[in-house]
Amino acid sequence: MLTQDLRTVARQAMIDAGFQPDYTSEIQAELRNIGKHASTGAPLGDLRNLLWSSIDNDDTRDLDQIEYAEQAPDGGWRLIIAIADVDAEVAKDSAIDAHAKEQTTTVYTGAVIFPMIPTELSAGATSLFPDVDRNAVVVDMHIDTNGTVTGADVYRARVMNRAQLTYSSVGDWLDREAATPAAVTAVAGIEAQLRLQATIAGTLRQTRVNNGALEIETVEARAVSQNGHVTAIEKTEKNTATDIIEDFMIAANGAVARFLEAHKVSCIRRIVRSPERWDRIVDLAKQFGKTLPAQPDPVALHDFMVERRQADPDRFPDLSLAIVKLLGPGEYILDRPGVEEPGHFGLAVQDYTHSTAPNRRFADLVTQRVVKAVLASAPPPYPDDDLVAIARNCTLKEDAARKVERQVRKIAAAMLFSDRIGERFKAIVTGKKPTGTFVRVVNPPVEGMLVRGGAEVDVGDEIDVELLSTNPKRGFIDFGRVGSTPTPNPPGKKGR
């Protein structure tokens with residue numbers, strides 16, 4: 001088996017994609033001033049007494065938000081999301097800010113993490129670690145028993161995380177009756193707090209589902225490495241813990257979008273337009289005996305997905321993957337007050353910004369600065385032309401980051417698969433472009449090109465494939481459809 005150091009591979013992939021993984025001397029100089037910036041802006045409240053907790057990946061150090069909930073007197077709930085005040089340590093137009101503005105996102109490759117802002121901040125001074133005081137921007141929402149956010153306040157406050165929890169341990173506990181995580185039992189009241197949060201999240205989700213939010217259950221893959229050498233390709237699946245955070249962040253991002261709209265200021269919005277290939281989604285539904293409208297209809301698509309989950313839960317993640325690919329990617333746009341912009345098709349929400357992860361995404365840091373300016377009755381920090389340029393770059397770099405992560409994952413998979421030539425696998429077609437047809441093996445979740453039989457299939461088809469070849473240096477994995485006839489390369493075309 002050919003081996004490469006994935007850390008070196010990942011760094012080169014970043015450079016090739018237009019990222020800058022290294023920090024300048026100016027950035028290093030600014031890091032010496034961590035904690036020395038005077039607090040400015042709107043006054044800070046004090047919410048350190050609340051039972052805050054965070055839930056994230058097992059290896060996460062850049063904790064962007066913490067959550068707290070309580071019963072409201074009217075039978076509904078109060079849900080509060082505290083978001084790390086990254087702007088307090090990263091001054092606009094500083095060297096660190098310029099780097100973040102260019103990179104726009106943290107890139108997670110499995111071999112190494114390339115943070116948007118230095119780890120001294122993102123995994124240090126601006127991370128909401130347990131048992132330390134932190135400044136935060138707070139989204140304080142009221143949710144009725146129907147799962148509707150009926151009101152929200154946005155303000156600044158001091159907070160303290162009481163429990164750093166993980167998706168895996170909390171999910172196993174809530175979904176599979178595994179042992180209560182030690183971090184939960186260590187703090188009195190956290191168990192009841194999490195169960196309440198699960199109830200609220202479920203109610204929020206049901207309301208979005210009723211509005212046409214898609215029931216999606218994809219299987220994510222990530223390369224696992226030790227000292228730069230690949231050890232496995234792991235599946236990461238959704239559970240109740242991931243649902244809690246997803247539903248809470250959607251609610252908070254919607255509340256922030258409406259807050260900015262009410263104050264008539266421009267910002268950046270995150271949208272997913274109507275599906276690029278609705279006709280193919282219609283064709284897929286027909287294969288299961290379901291007729292969808294000729295024009296994109298989120299409610300009809302939602303109903304179809306619910307039926308398929310109930311009818312065939314084991315294969316539902318494969319169908320979900322096909323639908324996600326056919327919906328097309330999201331993008332950032334300028335959101336001007338009083339202008340009705342497109343919404344987020346998959347989430348079935350009209351008002352949606354990115355505000356809850358300022359350590360990891362520049363769009364969220366921009367939103368945070370706009371919010372803080374409103375709270376301080378200060379002029380907007382960005383003119384519309386700057387927001388247009390920032391939104392465009394965020395979209396481009398987010399796409400580039402996905403390609404880097406996919407490239408590193410492909411190289412890792414090619415390493416692992418290099419001694420399995422000739423084996424057969426169940427797969428789903430995930431892409432069909434002029435450059436080729438692509439498939440993902442069901443187990444392990446590895447992607448490759450269908451170099452034989454690609455003309456006969458389309459996105460969403462489930463097929464049997466045979467592993468034909470691998471090229472670990474380039475991350476190529478080539479499959480052939482079982483039962484298809486090999487065809488020679490056209491004249492003048494060289495195989496991969």
# chains A, B, ... in the order shown; residues from 1 in each chain; ligands from 1
call {"tool": "select_by_dssp", "arguments": {"residues": "region 40-144 of chain A", "states": "strand (DSSP E or B)", "output": "VMD selection string"}}
result
chain A and resid 45 to 46 52 to 56 65 to 71 77 to 84 105 107 to 108 113 to 114 130 133 to 143
call {"tool": "closest_atom_pairs", "arguments": {"of": "region 4-61 of chain A", "to": "region 368-376 of chain A", "cutoff": "10 Å", "atoms": "only C-alpha atoms", "output": "Markdown table"}}
result
| residue | atom | partner | partner_atom | distance |
| --- | --- | --- | --- | --- |
| A:Thr40 | CA | A:Ala376 | CA | 8.8 |
| A:Gly41 | CA | A:Ala376 | CA | 5.1 |
| A:Ala42 | CA | A:Ala376 | CA | 4.7 |
| A:Pro43 | CA | A:Ala376 | CA | 8.5 |
call {"tool": "residues_around", "arguments": {"residues": "Glu456 (chain A)", "least_positions_apart": "3", "cutoff": "12 Å", "atoms": "only C-alpha atoms", "output": "list of chain:residue names"}}
result
A:Val429, A:Lys432, A:Thr437, A:Leu450, A:Val451, A:Arg452, A:Gly453, A:Val459, A:Asp461, A:Glu462, A:Ile463, A:Gly480, A:Arg481, A:Val482, A:Gly483, A:Ser484, A:Thr485
call {"tool": "write_last_selection", "arguments": {"atoms": "all heavy atoms", "output": "tab-separated table (two decimals), in the first residue's frame"}}
result
chain	number	residue	atom	x	y	z
A	429	VAL	N	-25.10	6.57	-7.43
A	429	VAL	CA	-24.57	7.59	-8.34
A	429	VAL	C	-24.81	8.96	-7.71
A	429	VAL	O	-25.94	9.33	-7.39
A	429	VAL	CB	-25.25	7.50	-9.72
A	429	VAL	CG1	-24.70	8.57	-10.65
A	429	VAL	CG2	-25.06	6.11	-10.33
A	432	LYS	N	-23.25	13.47	-12.22
A	432	LYS	CA	-23.13	13.17	-13.65
A	432	LYS	C	-22.86	14.49	-14.37
A	432	LYS	O	-23.73	15.36	-14.47
A	432	LYS	CB	-24.41	12.52	-14.17
A	432	LYS	CG	-24.27	11.90	-15.58
A	432	LYS	CD	-25.51	11.12	-15.95
A	432	LYS	CE	-25.40	10.53	-17.36
A	432	LYS	NZ	-24.40	9.45	-17.42
A	437	THR	N	-18.97	10.51	-14.56
A	437	THR	CA	-20.02	10.09	-13.64
A	437	THR	C	-19.37	9.61	-12.35
A	437	THR	O	-18.35	8.90	-12.38
A	437	THR	CB	-20.84	8.94	-14.27
A	437	THR	OG1	-21.43	9.42	-15.48
A	437	THR	CG2	-21.96	8.49	-13.33
A	450	LEU	N	-16.99	6.55	-12.08
A	450	LEU	CA	-17.51	5.38	-12.78
A	450	LEU	C	-16.98	5.43	-14.20
A	450	LEU	O	-17.56	6.09	-15.07
A	450	LEU	CB	-19.04	5.37	-12.74
A	450	LEU	CG	-19.72	4.07	-13.19
A	450	LEU	CD1	-19.40	2.93	-12.25
A	450	LEU	CD2	-21.24	4.28	-13.27
A	451	VAL	N	-15.89	4.74	-14.47
A	451	VAL	CA	-15.24	4.81	-15.78
A	451	VAL	C	-15.79	3.76	-16.75
A	451	VAL	O	-15.43	3.76	-17.93
A	451	VAL	CB	-13.71	4.65	-15.64
A	451	VAL	CG1	-13.13	5.77	-14.79
A	451	VAL	CG2	-13.35	3.29	-15.05
A	452	ARG	N	-16.63	2.88	-16.26
A	452	ARG	CA	-17.27	1.89	-17.11
A	452	ARG	C	-18.75	1.82	-16.76
A	452	ARG	O	-19.11	1.58	-15.62
A	452	ARG	CB	-16.64	0.50	-16.91
A	452	ARG	CG	-17.09	-0.55	-17.93
A	452	ARG	CD	-16.44	-1.88	-17.63
A	452	ARG	NE	-17.04	-2.52	-16.48
A	452	ARG	CZ	-16.43	-3.40	-15.68
A	452	ARG	NH1	-15.17	-3.71	-15.90
A	452	ARG	NH2	-17.06	-3.95	-14.66
A	453	GLY	N	-19.61	2.07	-17.74
A	453	GLY	CA	-21.05	2.00	-17.52
A	453	GLY	C	-21.68	3.31	-17.08
A	453	GLY	O	-22.85	3.35	-16.72
A	459	VAL	N	-27.90	10.40	-11.53
A	459	VAL	CA	-27.83	10.66	-10.09
A	459	VAL	C	-28.99	9.99	-9.36
A	459	VAL	O	-30.14	10.10	-9.76
A	459	VAL	CB	-27.84	12.18	-9.82
A	459	VAL	CG1	-27.88	12.47	-8.32
A	459	VAL	CG2	-26.61	12.84	-10.44
A	461	ASP	N	-29.29	6.68	-8.90
A	461	ASP	CA	-29.37	5.25	-9.21
A	461	ASP	C	-28.50	4.45	-8.24
A	461	ASP	O	-27.37	4.85	-7.93
A	461	ASP	CB	-28.92	4.98	-10.65
A	461	ASP	CG	-29.91	5.48	-11.68
A	461	ASP	OD1	-31.08	5.70	-11.31
A	461	ASP	OD2	-29.52	5.66	-12.85
A	462	GLU	N	-29.00	3.31	-7.81
A	462	GLU	CA	-28.24	2.41	-6.96
A	462	GLU	C	-27.74	1.25	-7.81
A	462	GLU	O	-28.53	0.58	-8.48
A	462	GLU	CB	-29.11	1.90	-5.81
A	462	GLU	CG	-29.54	3.02	-4.87
A	462	GLU	CD	-30.43	2.52	-3.74
A	462	GLU	OE1	-30.67	1.29	-3.66
A	462	GLU	OE2	-30.87	3.35	-2.93
A	463	ILE	N	-26.43	1.03	-7.80
A	463	ILE	CA	-25.83	0.06	-8.70
A	463	ILE	C	-24.77	-0.75	-7.96
A	463	ILE	O	-24.32	-0.38	-6.86
A	463	ILE	CB	-25.19	0.74	-9.93
A	463	ILE	CG1	-24.10	1.72	-9.50
A	463	ILE	CG2	-26.24	1.46	-10.76
A	463	ILE	CD1	-23.35	2.37	-10.65
A	480	GLY	N	-16.08	0.27	-12.14
A	480	GLY	CA	-16.85	-0.12	-13.31
A	480	GLY	C	-18.17	-0.69	-12.85
A	480	GLY	O	-18.26	-1.38	-11.82
A	481	ARG	N	-19.23	-0.39	-13.58
A	481	ARG	CA	-20.53	-0.95	-13.23
A	481	ARG	C	-20.53	-2.45	-13.55
A	481	ARG	O	-20.15	-2.87	-14.63
A	481	ARG	CB	-21.65	-0.25	-14.02
A	481	ARG	CG	-23.04	-0.70	-13.59
A	481	ARG	CD	-24.11	-0.06	-14.43
A	481	ARG	NE	-25.44	-0.45	-13.94
A	481	ARG	CZ	-26.57	-0.22	-14.61
A	481	ARG	NH1	-26.53	0.41	-15.78
A	481	ARG	NH2	-27.72	-0.60	-14.11
A	482	VAL	N	-20.95	-3.22	-12.57
A	482	VAL	CA	-21.00	-4.66	-12.75
A	482	VAL	C	-22.04	-4.99	-13.82
A	482	VAL	O	-23.18	-4.51	-13.78
A	482	VAL	CB	-21.35	-5.38	-11.43
A	482	VAL	CG1	-21.56	-6.87	-11.66
A	482	VAL	CG2	-20.25	-5.14	-10.40
A	483	GLY	N	-21.63	-5.79	-14.80
A	483	GLY	CA	-22.55	-6.17	-15.87
A	483	GLY	C	-22.45	-5.31	-17.09
A	483	GLY	O	-23.02	-5.65	-18.13
A	484	SER	N	-21.74	-4.19	-17.01
A	484	SER	CA	-21.59	-3.33	-18.18
A	484	SER	C	-20.41	-3.80	-19.02
A	484	SER	O	-19.51	-4.48	-18.54
A	484	SER	CB	-21.37	-1.87	-17.77
A	484	SER	OG	-20.18	-1.75	-17.01
A	485	THR	N	-20.43	-3.44	-20.27
A	485	THR	CA	-19.39	-3.89	-21.21
A	485	THR	C	-18.27	-2.87	-21.27
A	485	THR	O	-18.52	-1.68	-21.49
A	485	THR	CB	-19.98	-4.07	-22.61
A	485	THR	OG1	-21.06	-5.00	-22.53
A	485	THR	CG2	-18.93	-4.58	-23.57
call {"tool": "residues_around", "arguments": {"residues": "Arg61 (chain A)", "least_positions_apart": "5", "cutoff": "10 Å", "atoms": "only C-alpha atoms", "output": "number ranges by chain"}}
result
A: 56, 119, 122-124, 127-129, 164
call {"tool": "residues_around", "arguments": {"residues": "Ala17 (chain A)", "least_positions_apart": "2", "cutoff": "9 Å", "atoms": "only C-alpha atoms", "output": "compact mmCIF listing (two decimals) with all heavy atoms, in the first residue's frame"}}
result
# COMPACT_ATOMS: atom_id res chain seq x y z
N GLN A 12 -0.80 21.02 0.85
CA GLN A 12 -0.63 21.33 -0.57
C GLN A 12 -1.99 21.53 -1.24
O GLN A 12 -2.14 22.40 -2.11
CB GLN A 12 0.14 20.22 -1.26
CG GLN A 12 0.52 20.55 -2.70
CD GLN A 12 1.39 21.80 -2.78
OE1 GLN A 12 2.40 21.92 -2.09
NE2 GLN A 12 0.99 22.75 -3.63
N ALA A 13 -2.97 20.74 -0.85
CA ALA A 13 -4.32 20.90 -1.40
C ALA A 13 -4.87 22.28 -1.06
O ALA A 13 -5.55 22.90 -1.89
CB ALA A 13 -5.25 19.81 -0.87
N MET A 14 -4.60 22.77 0.13
CA MET A 14 -5.04 24.11 0.52
C MET A 14 -4.40 25.17 -0.39
O MET A 14 -5.08 26.07 -0.90
CB MET A 14 -4.67 24.38 1.98
CG MET A 14 -5.49 23.62 2.99
SD MET A 14 -7.14 24.31 3.22
CE MET A 14 -6.75 25.83 4.10
N ILE A 15 -3.10 25.06 -0.58
CA ILE A 15 -2.39 26.04 -1.41
C ILE A 15 -2.90 25.99 -2.85
O ILE A 15 -3.15 27.03 -3.47
CB ILE A 15 -0.88 25.77 -1.35
CG1 ILE A 15 -0.36 26.03 0.07
CG2 ILE A 15 -0.14 26.63 -2.36
CD1 ILE A 15 1.07 25.60 0.30
N PHE A 19 -5.92 28.85 -0.86
CA PHE A 19 -5.88 29.21 0.56
C PHE A 19 -4.44 29.50 0.99
O PHE A 19 -3.48 29.07 0.35
CB PHE A 19 -6.44 28.07 1.42
CG PHE A 19 -7.93 27.88 1.28
CD1 PHE A 19 -8.42 26.90 0.43
CD2 PHE A 19 -8.82 28.67 1.98
CE1 PHE A 19 -9.79 26.70 0.28
CE2 PHE A 19 -10.19 28.48 1.84
CZ PHE A 19 -10.67 27.50 1.00
N LYS A 397 -14.97 30.52 -1.66
CA LYS A 397 -14.06 29.82 -0.77
C LYS A 397 -14.76 28.65 -0.08
O LYS A 397 -14.11 27.64 0.25
CB LYS A 397 -13.50 30.79 0.27
CG LYS A 397 -12.42 31.70 -0.30
CD LYS A 397 -11.21 30.87 -0.79
CE LYS A 397 -10.16 31.69 -1.50
NZ LYS A 397 -9.59 32.75 -0.69
N ALA A 400 -14.45 26.00 -2.53
CA ALA A 400 -13.06 25.54 -2.57
C ALA A 400 -12.73 24.68 -1.36
O ALA A 400 -12.01 23.67 -1.47
CB ALA A 400 -12.11 26.74 -2.64
N ALA A 401 -13.26 25.05 -0.20
CA ALA A 401 -13.01 24.26 1.02
C ALA A 401 -13.61 22.87 0.90
O ALA A 401 -12.98 21.88 1.31
CB ALA A 401 -13.59 24.99 2.23
N LYS A 403 -13.97 21.24 -1.82
CA LYS A 403 -13.12 20.50 -2.75
C LYS A 403 -11.84 20.03 -2.07
O LYS A 403 -11.36 18.91 -2.32
CB LYS A 403 -12.81 21.36 -3.97
CG LYS A 403 -14.03 21.61 -4.86
CD LYS A 403 -13.69 22.51 -6.05
CE LYS A 403 -14.92 22.73 -6.91
NZ LYS A 403 -14.64 23.65 -8.05
N VAL A 404 -11.26 20.86 -1.22
CA VAL A 404 -10.06 20.45 -0.47
C VAL A 404 -10.38 19.27 0.42
O VAL A 404 -9.65 18.26 0.43
CB VAL A 404 -9.51 21.62 0.37
CG1 VAL A 404 -8.46 21.12 1.36
CG2 VAL A 404 -8.92 22.70 -0.52
call {"tool": "decode", "arguments": {"residues": "region 24-38 of chain A", "atoms": "all heavy atoms", "output": "PDB file, in the first residue's frame"}}
result
ATOM      1  N   THR A  24       1.211  35.411   8.743  1.00  0.00           N
ATOM      2  CA  THR A  24       2.265  36.402   8.539  1.00  0.00           C
ATOM      3  C   THR A  24       2.829  36.869   9.879  1.00  0.00           C
ATOM      4  O   THR A  24       2.262  36.621  10.949  1.00  0.00           O
ATOM      5  CB  THR A  24       1.711  37.624   7.799  1.00  0.00           C
ATOM      6  OG1 THR A  24       0.706  38.249   8.626  1.00  0.00           O
ATOM      7  CG2 THR A  24       1.088  37.219   6.465  1.00  0.00           C
ATOM      8  N   SER A  25       3.964  37.561   9.816  1.00  0.00           N
ATOM      9  CA  SER A  25       4.562  38.119  11.039  1.00  0.00           C
ATOM     10  C   SER A  25       3.653  39.164  11.658  1.00  0.00           C
ATOM     11  O   SER A  25       3.637  39.335  12.887  1.00  0.00           O
ATOM     12  CB  SER A  25       5.930  38.722  10.708  1.00  0.00           C
ATOM     13  OG  SER A  25       5.810  39.740   9.707  1.00  0.00           O
ATOM     14  N   GLU A  26       2.876  39.878  10.815  1.00  0.00           N
ATOM     15  CA  GLU A  26       1.929  40.867  11.355  1.00  0.00           C
ATOM     16  C   GLU A  26       0.857  40.194  12.200  1.00  0.00           C
ATOM     17  O   GLU A  26       0.463  40.707  13.251  1.00  0.00           O
ATOM     18  CB  GLU A  26       1.273  41.643  10.210  1.00  0.00           C
ATOM     19  CG  GLU A  26       2.199  42.609   9.482  1.00  0.00           C
ATOM     20  CD  GLU A  26       3.081  41.923   8.449  1.00  0.00           C
ATOM     21  OE1 GLU A  26       2.880  40.704   8.211  1.00  0.00           O
ATOM     22  OE2 GLU A  26       3.969  42.589   7.892  1.00  0.00           O
ATOM     23  N   ILE A  27       0.395  39.032  11.753  1.00  0.00           N
ATOM     24  CA  ILE A  27      -0.592  38.284  12.549  1.00  0.00           C
ATOM     25  C   ILE A  27       0.036  37.824  13.854  1.00  0.00           C
ATOM     26  O   ILE A  27      -0.584  37.942  14.931  1.00  0.00           O
ATOM     27  CB  ILE A  27      -1.118  37.083  11.736  1.00  0.00           C
ATOM     28  CG1 ILE A  27      -1.999  37.568  10.584  1.00  0.00           C
ATOM     29  CG2 ILE A  27      -1.897  36.121  12.641  1.00  0.00           C
ATOM     30  CD1 ILE A  27      -2.479  36.464   9.663  1.00  0.00           C
ATOM     31  N   GLN A  28       1.236  37.312  13.792  1.00  0.00           N
ATOM     32  CA  GLN A  28       1.905  36.856  15.010  1.00  0.00           C
ATOM     33  C   GLN A  28       2.070  38.005  16.003  1.00  0.00           C
ATOM     34  O   GLN A  28       1.919  37.816  17.220  1.00  0.00           O
ATOM     35  CB  GLN A  28       3.282  36.262  14.658  1.00  0.00           C
ATOM     36  CG  GLN A  28       3.230  35.045  13.738  1.00  0.00           C
ATOM     37  CD  GLN A  28       2.539  33.854  14.358  1.00  0.00           C
ATOM     38  OE1 GLN A  28       2.421  33.755  15.572  1.00  0.00           O
ATOM     39  NE2 GLN A  28       2.078  32.922  13.522  1.00  0.00           N
ATOM     40  N   ALA A  29       2.357  39.197  15.500  1.00  0.00           N
ATOM     41  CA  ALA A  29       2.504  40.354  16.385  1.00  0.00           C
ATOM     42  C   ALA A  29       1.174  40.701  17.050  1.00  0.00           C
ATOM     43  O   ALA A  29       1.135  41.031  18.256  1.00  0.00           O
ATOM     44  CB  ALA A  29       3.029  41.551  15.589  1.00  0.00           C
ATOM     45  N   GLU A  30       0.085  40.625  16.283  1.00  0.00           N
ATOM     46  CA  GLU A  30      -1.230  40.943  16.867  1.00  0.00           C
ATOM     47  C   GLU A  30      -1.647  39.934  17.925  1.00  0.00           C
ATOM     48  O   GLU A  30      -2.355  40.286  18.880  1.00  0.00           O
ATOM     49  CB  GLU A  30      -2.282  41.011  15.755  1.00  0.00           C
ATOM     50  CG  GLU A  30      -2.142  42.225  14.865  1.00  0.00           C
ATOM     51  CD  GLU A  30      -3.196  42.297  13.776  1.00  0.00           C
ATOM     52  OE1 GLU A  30      -4.024  41.360  13.665  1.00  0.00           O
ATOM     53  OE2 GLU A  30      -3.196  43.281  13.029  1.00  0.00           O
ATOM     54  N   LEU A  31      -1.201  38.701  17.791  1.00  0.00           N
ATOM     55  CA  LEU A  31      -1.566  37.681  18.780  1.00  0.00           C
ATOM     56  C   LEU A  31      -0.984  37.984  20.158  1.00  0.00           C
ATOM     57  O   LEU A  31      -1.492  37.485  21.166  1.00  0.00           O
ATOM     58  CB  LEU A  31      -1.108  36.301  18.312  1.00  0.00           C
ATOM     59  CG  LEU A  31      -1.845  35.730  17.096  1.00  0.00           C
ATOM     60  CD1 LEU A  31      -1.227  34.415  16.660  1.00  0.00           C
ATOM     61  CD2 LEU A  31      -3.330  35.533  17.424  1.00  0.00           C
ATOM     62  N   ARG A  32       0.038  38.807  20.205  1.00  0.00           N
ATOM     63  CA  ARG A  32       0.623  39.167  21.500  1.00  0.00           C
ATOM     64  C   ARG A  32      -0.276  40.113  22.290  1.00  0.00           C
ATOM     65  O   ARG A  32      -0.021  40.373  23.473  1.00  0.00           O
ATOM     66  CB  ARG A  32       2.004  39.783  21.296  1.00  0.00           C
ATOM     67  CG  ARG A  32       3.043  38.776  20.790  1.00  0.00           C
ATOM     68  CD  ARG A  32       4.457  39.311  20.908  1.00  0.00           C
ATOM     69  NE  ARG A  32       4.761  40.289  19.875  1.00  0.00           N
ATOM     70  CZ  ARG A  32       5.273  39.979  18.681  1.00  0.00           C
ATOM     71  NH1 ARG A  32       5.510  38.704  18.367  1.00  0.00           N
ATOM     72  NH2 ARG A  32       5.551  40.923  17.807  1.00  0.00           N
ATOM     73  N   ASN A  33      -1.325  40.624  21.637  1.00  0.00           N
ATOM     74  CA  ASN A  33      -2.240  41.554  22.315  1.00  0.00           C
ATOM     75  C   ASN A  33      -3.558  40.896  22.722  1.00  0.00           C
ATOM     76  O   ASN A  33      -4.518  41.591  23.068  1.00  0.00           O
ATOM     77  CB  ASN A  33      -2.536  42.749  21.401  1.00  0.00           C
ATOM     78  CG  ASN A  33      -1.315  43.618  21.176  1.00  0.00           C
ATOM     79  OD1 ASN A  33      -0.557  43.880  22.109  1.00  0.00           O
ATOM     80  ND2 ASN A  33      -1.101  44.039  19.934  1.00  0.00           N
ATOM     81  N   ILE A  34      -3.606  39.568  22.694  1.00  0.00           N
ATOM     82  CA  ILE A  34      -4.837  38.876  23.111  1.00  0.00           C
ATOM     83  C   ILE A  34      -5.178  39.247  24.552  1.00  0.00           C
ATOM     84  O   ILE A  34      -4.322  39.230  25.442  1.00  0.00           O
ATOM     85  CB  ILE A  34      -4.661  37.346  22.997  1.00  0.00           C
ATOM     86  CG1 ILE A  34      -4.558  36.926  21.526  1.00  0.00           C
ATOM     87  CG2 ILE A  34      -5.808  36.607  23.680  1.00  0.00           C
ATOM     88  CD1 ILE A  34      -4.275  35.458  21.335  1.00  0.00           C
ATOM     89  N   GLY A  35      -6.432  39.595  24.743  1.00  0.00           N
ATOM     90  CA  GLY A  35      -6.901  39.939  26.083  1.00  0.00           C
ATOM     91  C   GLY A  35      -6.626  41.367  26.506  1.00  0.00           C
ATOM     92  O   GLY A  35      -7.007  41.776  27.614  1.00  0.00           O
ATOM     93  N   LYS A  36      -5.975  42.140  25.650  1.00  0.00           N
ATOM     94  CA  LYS A  36      -5.611  43.509  26.006  1.00  0.00           C
ATOM     95  C   LYS A  36      -6.528  44.554  25.370  1.00  0.00           C
ATOM     96  O   LYS A  36      -6.309  45.750  25.530  1.00  0.00           O
ATOM     97  CB  LYS A  36      -4.158  43.788  25.603  1.00  0.00           C
ATOM     98  CG  LYS A  36      -3.146  42.881  26.279  1.00  0.00           C
ATOM     99  CD  LYS A  36      -1.733  43.152  25.782  1.00  0.00           C
ATOM    100  CE  LYS A  36      -0.731  42.192  26.419  1.00  0.00           C
ATOM    101  NZ  LYS A  36       0.651  42.427  25.924  1.00  0.00           N
ATOM    102  N   HIS A  37      -7.562  44.087  24.626  1.00  0.00           N
ATOM    103  CA  HIS A  37      -8.447  45.023  23.951  1.00  0.00           C
ATOM    104  C   HIS A  37      -9.524  45.514  24.914  1.00  0.00           C
ATOM    105  O   HIS A  37     -10.153  44.721  25.625  1.00  0.00           O
ATOM    106  CB  HIS A  37      -9.099  44.365  22.738  1.00  0.00           C
ATOM    107  CG  HIS A  37      -8.106  43.860  21.736  1.00  0.00           C
ATOM    108  ND1 HIS A  37      -7.595  42.578  21.777  1.00  0.00           N
ATOM    109  CD2 HIS A  37      -7.519  44.456  20.670  1.00  0.00           C
ATOM    110  CE1 HIS A  37      -6.751  42.411  20.777  1.00  0.00           C
ATOM    111  NE2 HIS A  37      -6.686  43.531  20.094  1.00  0.00           N
ATOM    112  N   ALA A  38      -9.752  46.808  24.919  1.00  0.00           N
ATOM    113  CA  ALA A  38     -10.786  47.377  25.780  1.00  0.00           C
ATOM    114  C   ALA A  38     -12.167  47.013  25.254  1.00  0.00           C
ATOM    115  O   ALA A  38     -12.388  46.974  24.043  1.00  0.00           O
ATOM    116  CB  ALA A  38     -10.634  48.901  25.841  1.00  0.00           C
TER     117      ALA A  38
END
